[in-house]
Amino acid sequence: MKIKILFFFMLITYMKSSVFGQTEAIVPPSNRSASSLEKNVLFYADKRFTVSQSGSITLDLPTLFNGQFFPTYSSASINPQNPYVILIEDIPLYHAQEGAWIGLTTRYYMATKFKIEVFDVNDGVNQWRTIADVSNNAAWHYMARISPGSVCPSKIRFTIYNTNDTQNRLGISELFYIQPEGAQAYDGLMVRYNSQGNVGIGTNSPMAKLAVDGNILAKEIKVKTDITVPDYVFEPDYELNSLAYIADYVKTNKHLPEIPSAKEIKKDGLDLAEMNLLLLKKVEELTLHAIENEKKRNELEAKVSKLEQLLTK
């Protein structure tokens, strides 16, 4: 009986700590963990913010922020007197009221001596704060917590002096700034991003800044373009094609002058901005033809009226 009672209390204690208990913590994202980056503010930072690198080496910046955990390695060695620096600016301002986490991860050539700083702009402080100053990192990833408080970073700076490589080469898979209040989870669930900054919906290979393989429903669409609006049609020196020319052109080509053919649209797609302006141009040209025909009709009616008056007399 005593053993059963003891086992019962042990079970309750385990359930409280393991099932019902909550701990406010985060597993460092790395190549060796299944921790996600859905709260990573630096996702595609090289496309969304201002990112620069300086020092004795260079890395492929897009690889550092794409969430893939595929590393980029330096071909040269870091000179500790001229350390490698990555500066990320124009970060959206969010207070680290409940804490935030900054770090890096890789597979090989991990940084062992480095510094992580943030530029705090909270309440006009406007100064750099050191989040981590590490001299003997032995893991393949590192993460430091910004202590809960009113720290509001607008910039993040990684300064790396030494690595665990015998030639002091550096490898980084991902740089992250995990801010629970600064990023919405699962933003990228229904879309696909690529290293060119293109976004695809319904397609894994977006070939434009926004590629949608499907229907689009919107209340309003505005297209900004640098195409010249065809108001020049109404200028006195504009050469208006005659209706006879247009009739001959349509008979030969089976479409209006300047308007893409069905074959061209099928091959290259339809540029809405360009097509709308071309159609506007055709409407304006038709308006000029209508005005000219109205003028001729009025002149003919006047002549007919004079003839009728002569006949009457």
# chains A, B, ... in the order shown; residues from 1 in each chain; ligands from 1
>>> residues_around(residues="segment 138-145 of chain A", least_positions_apart="5", cutoff="8 Å", atoms="only C-alpha atoms", output="VMD selection string")
chain A and resid 28 to 30 99 to 108 110 112 131 to 132
>>> residues_around(residues="segment 247-257 of chain A", least_positions_apart="4", cutoff="12 Å", atoms="only C-alpha atoms", output="ChimeraX atom specification")
/A:240-243,261-264,278-279,281-283,285
>>> residues_around(residues="Asp60 of chain A", least_positions_apart="4", cutoff="9 Å", atoms="only C-alpha atoms", output="list of chain:residue names")
A:Leu64, A:Thr72, A:Tyr73, A:Ser74
>>> write_last_selection(atoms="all heavy atoms", output="PDB file, in the first residue's frame")
ATOM      1  N   LEU A  64      22.339  33.875 -45.003  1.00  0.00           N
ATOM      2  CA  LEU A  64      22.297  34.065 -43.556  1.00  0.00           C
ATOM      3  C   LEU A  64      20.887  34.302 -43.027  1.00  0.00           C
ATOM      4  O   LEU A  64      20.666  34.234 -41.815  1.00  0.00           O
ATOM      5  CB  LEU A  64      23.184  35.257 -43.162  1.00  0.00           C
ATOM      6  CG  LEU A  64      24.644  35.231 -43.611  1.00  0.00           C
ATOM      7  CD1 LEU A  64      25.362  36.467 -43.111  1.00  0.00           C
ATOM      8  CD2 LEU A  64      25.332  33.973 -43.128  1.00  0.00           C
ATOM      9  N   THR A  72      26.972  29.196 -45.210  1.00  0.00           N
ATOM     10  CA  THR A  72      27.889  29.840 -46.130  1.00  0.00           C
ATOM     11  C   THR A  72      29.228  29.981 -45.415  1.00  0.00           C
ATOM     12  O   THR A  72      29.261  30.313 -44.222  1.00  0.00           O
ATOM     13  CB  THR A  72      27.375  31.224 -46.587  1.00  0.00           C
ATOM     14  OG1 THR A  72      28.402  31.879 -47.346  1.00  0.00           O
ATOM     15  CG2 THR A  72      27.015  32.113 -45.419  1.00  0.00           C
ATOM     16  N   TYR A  73      30.319  29.687 -46.112  1.00  0.00           N
ATOM     17  CA  TYR A  73      31.649  29.686 -45.514  1.00  0.00           C
ATOM     18  C   TYR A  73      32.532  30.730 -46.186  1.00  0.00           C
ATOM     19  O   TYR A  73      32.403  30.999 -47.380  1.00  0.00           O
ATOM     20  CB  TYR A  73      32.305  28.308 -45.649  1.00  0.00           C
ATOM     21  CG  TYR A  73      31.533  27.188 -45.019  1.00  0.00           C
ATOM     22  CD1 TYR A  73      30.893  26.230 -45.806  1.00  0.00           C
ATOM     23  CD2 TYR A  73      31.435  27.082 -43.636  1.00  0.00           C
ATOM     24  CE1 TYR A  73      30.175  25.199 -45.225  1.00  0.00           C
ATOM     25  CE2 TYR A  73      30.719  26.050 -43.048  1.00  0.00           C
ATOM     26  CZ  TYR A  73      30.094  25.100 -43.852  1.00  0.00           C
ATOM     27  OH  TYR A  73      29.381  24.087 -43.276  1.00  0.00           O
ATOM     28  N   SER A  74      33.437  31.289 -45.409  1.00  0.00           N
ATOM     29  CA  SER A  74      34.401  32.236 -45.977  1.00  0.00           C
ATOM     30  C   SER A  74      35.567  31.464 -46.574  1.00  0.00           C
ATOM     31  O   SER A  74      35.998  30.443 -46.024  1.00  0.00           O
ATOM     32  CB  SER A  74      34.904  33.201 -44.905  1.00  0.00           C
ATOM     33  OG  SER A  74      35.683  32.514 -43.938  1.00  0.00           O
TER      34      SER A  74
END
>>> select_by_dssp(residues="segment 14-222 of chain A", states="strand (DSSP E)", output="ChimeraX atom specification")
/A:50-54,72-73,84-89,100-105,111-120,127-134,141-146,153-163,171-172,174-178,192-193,199-201,210-212
>>> write_last_selection(atoms="C-alpha atoms", output="PDB file, in the first residue's frame")
ATOM      1  CA  THR A  50      19.628  47.412 -44.576  1.00  0.00           C
ATOM      2  CA  VAL A  51      22.352  44.787 -44.184  1.00  0.00           C
ATOM      3  CA  SER A  52      26.076  45.370 -44.650  1.00  0.00           C
ATOM      4  CA  GLN A  53      29.261  43.438 -43.946  1.00  0.00           C
ATOM      5  CA  SER A  54      32.815  44.595 -43.396  1.00  0.00           C
ATOM      6  CA  THR A  72      27.889  29.840 -46.130  1.00  0.00           C
ATOM      7  CA  TYR A  73      31.649  29.686 -45.514  1.00  0.00           C
ATOM      8  CA  TYR A  84      34.181  40.382 -39.479  1.00  0.00           C
ATOM      9  CA  VAL A  85      31.176  42.626 -38.835  1.00  0.00           C
ATOM     10  CA  ILE A  86      27.571  42.204 -39.957  1.00  0.00           C
ATOM     11  CA  LEU A  87      25.357  45.232 -39.363  1.00  0.00           C
ATOM     12  CA  ILE A  88      21.568  45.019 -39.697  1.00  0.00           C
ATOM     13  CA  GLU A  89      19.775  48.373 -39.695  1.00  0.00           C
ATOM     14  CA  ALA A 100      13.965  38.437 -27.060  1.00  0.00           C
ATOM     15  CA  TRP A 101      16.745  36.204 -28.332  1.00  0.00           C
ATOM     16  CA  ILE A 102      19.629  36.871 -30.710  1.00  0.00           C
ATOM     17  CA  GLY A 103      22.088  34.362 -32.037  1.00  0.00           C
ATOM     18  CA  LEU A 104      23.732  32.405 -34.835  1.00  0.00           C
ATOM     19  CA  THR A 105      24.247  28.813 -35.881  1.00  0.00           C
ATOM     20  CA  ALA A 111      32.578  31.493 -34.128  1.00  0.00           C
ATOM     21  CA  THR A 112      34.321  31.096 -30.781  1.00  0.00           C
ATOM     22  CA  LYS A 113      35.114  34.728 -29.970  1.00  0.00           C
ATOM     23  CA  PHE A 114      32.461  37.253 -30.919  1.00  0.00           C
ATOM     24  CA  LYS A 115      30.279  40.076 -29.704  1.00  0.00           C
ATOM     25  CA  ILE A 116      26.557  40.740 -30.237  1.00  0.00           C
ATOM     26  CA  GLU A 117      25.269  44.287 -29.771  1.00  0.00           C
ATOM     27  CA  VAL A 118      21.980  46.113 -30.269  1.00  0.00           C
ATOM     28  CA  PHE A 119      21.394  49.825 -30.771  1.00  0.00           C
ATOM     29  CA  ASP A 120      18.743  50.765 -28.230  1.00  0.00           C
ATOM     30  CA  GLN A 127      23.239  53.868 -27.571  1.00  0.00           C
ATOM     31  CA  TRP A 128      24.792  50.485 -28.267  1.00  0.00           C
ATOM     32  CA  ARG A 129      24.186  47.768 -25.674  1.00  0.00           C
ATOM     33  CA  THR A 130      26.299  44.613 -25.527  1.00  0.00           C
ATOM     34  CA  ILE A 131      24.064  41.544 -25.371  1.00  0.00           C
ATOM     35  CA  ALA A 132      26.884  38.989 -25.480  1.00  0.00           C
ATOM     36  CA  ASP A 133      30.680  39.174 -25.359  1.00  0.00           C
ATOM     37  CA  VAL A 134      31.882  35.593 -25.795  1.00  0.00           C
ATOM     38  CA  HIS A 141      25.185  27.492 -32.158  1.00  0.00           C
ATOM     39  CA  TYR A 142      24.836  30.378 -29.761  1.00  0.00           C
ATOM     40  CA  MET A 143      21.861  32.314 -28.460  1.00  0.00           C
ATOM     41  CA  ALA A 144      21.735  35.213 -26.003  1.00  0.00           C
ATOM     42  CA  ARG A 145      18.654  36.641 -24.373  1.00  0.00           C
ATOM     43  CA  ILE A 146      17.828  40.311 -24.237  1.00  0.00           C
ATOM     44  CA  PRO A 153      16.692  47.678 -30.870  1.00  0.00           C
ATOM     45  CA  SER A 154      16.806  49.463 -34.215  1.00  0.00           C
ATOM     46  CA  LYS A 155      20.114  47.856 -35.222  1.00  0.00           C
ATOM     47  CA  ILE A 156      21.953  44.602 -34.521  1.00  0.00           C
ATOM     48  CA  ARG A 157      25.691  44.159 -34.898  1.00  0.00           C
ATOM     49  CA  PHE A 158      27.601  40.852 -34.937  1.00  0.00           C
ATOM     50  CA  THR A 159      31.392  41.199 -34.573  1.00  0.00           C
ATOM     51  CA  ILE A 160      33.370  37.970 -35.004  1.00  0.00           C
ATOM     52  CA  TYR A 161      37.077  37.641 -34.157  1.00  0.00           C
ATOM     53  CA  ASN A 162      37.910  33.919 -34.021  1.00  0.00           C
ATOM     54  CA  THR A 163      36.438  30.552 -35.017  1.00  0.00           C
ATOM     55  CA  GLY A 171      30.794  29.525 -41.356  1.00  0.00           C
ATOM     56  CA  ILE A 172      27.257  30.732 -40.582  1.00  0.00           C
ATOM     57  CA  GLU A 174      21.540  31.509 -39.910  1.00  0.00           C
ATOM     58  CA  LEU A 175      21.421  34.767 -37.995  1.00  0.00           C
ATOM     59  CA  PHE A 176      18.288  35.242 -35.964  1.00  0.00           C
ATOM     60  CA  TYR A 177      16.523  37.756 -33.762  1.00  0.00           C
ATOM     61  CA  ILE A 178      13.582  35.961 -32.211  1.00  0.00           C
ATOM     62  CA  ARG A 192       6.944  30.673 -50.967  1.00  0.00           C
ATOM     63  CA  TYR A 193       9.927  33.012 -50.863  1.00  0.00           C
ATOM     64  CA  VAL A 199       6.987  35.786 -53.315  1.00  0.00           C
ATOM     65  CA  GLY A 200       4.807  33.045 -54.753  1.00  0.00           C
ATOM     66  CA  ILE A 201       1.250  32.024 -53.885  1.00  0.00           C
ATOM     67  CA  LEU A 210       4.582  38.537 -56.584  1.00  0.00           C
ATOM     68  CA  ALA A 211       3.556  35.441 -58.554  1.00  0.00           C
ATOM     69  CA  VAL A 212       0.048  34.036 -58.061  1.00  0.00           C
TER      70      VAL A 212
END
>>> closest_residue(among="A:Asn122, A:Leu286, A:Asp165, A:His95", to="Ser147 of chain A", atoms="only C-alpha atoms")
A:His95
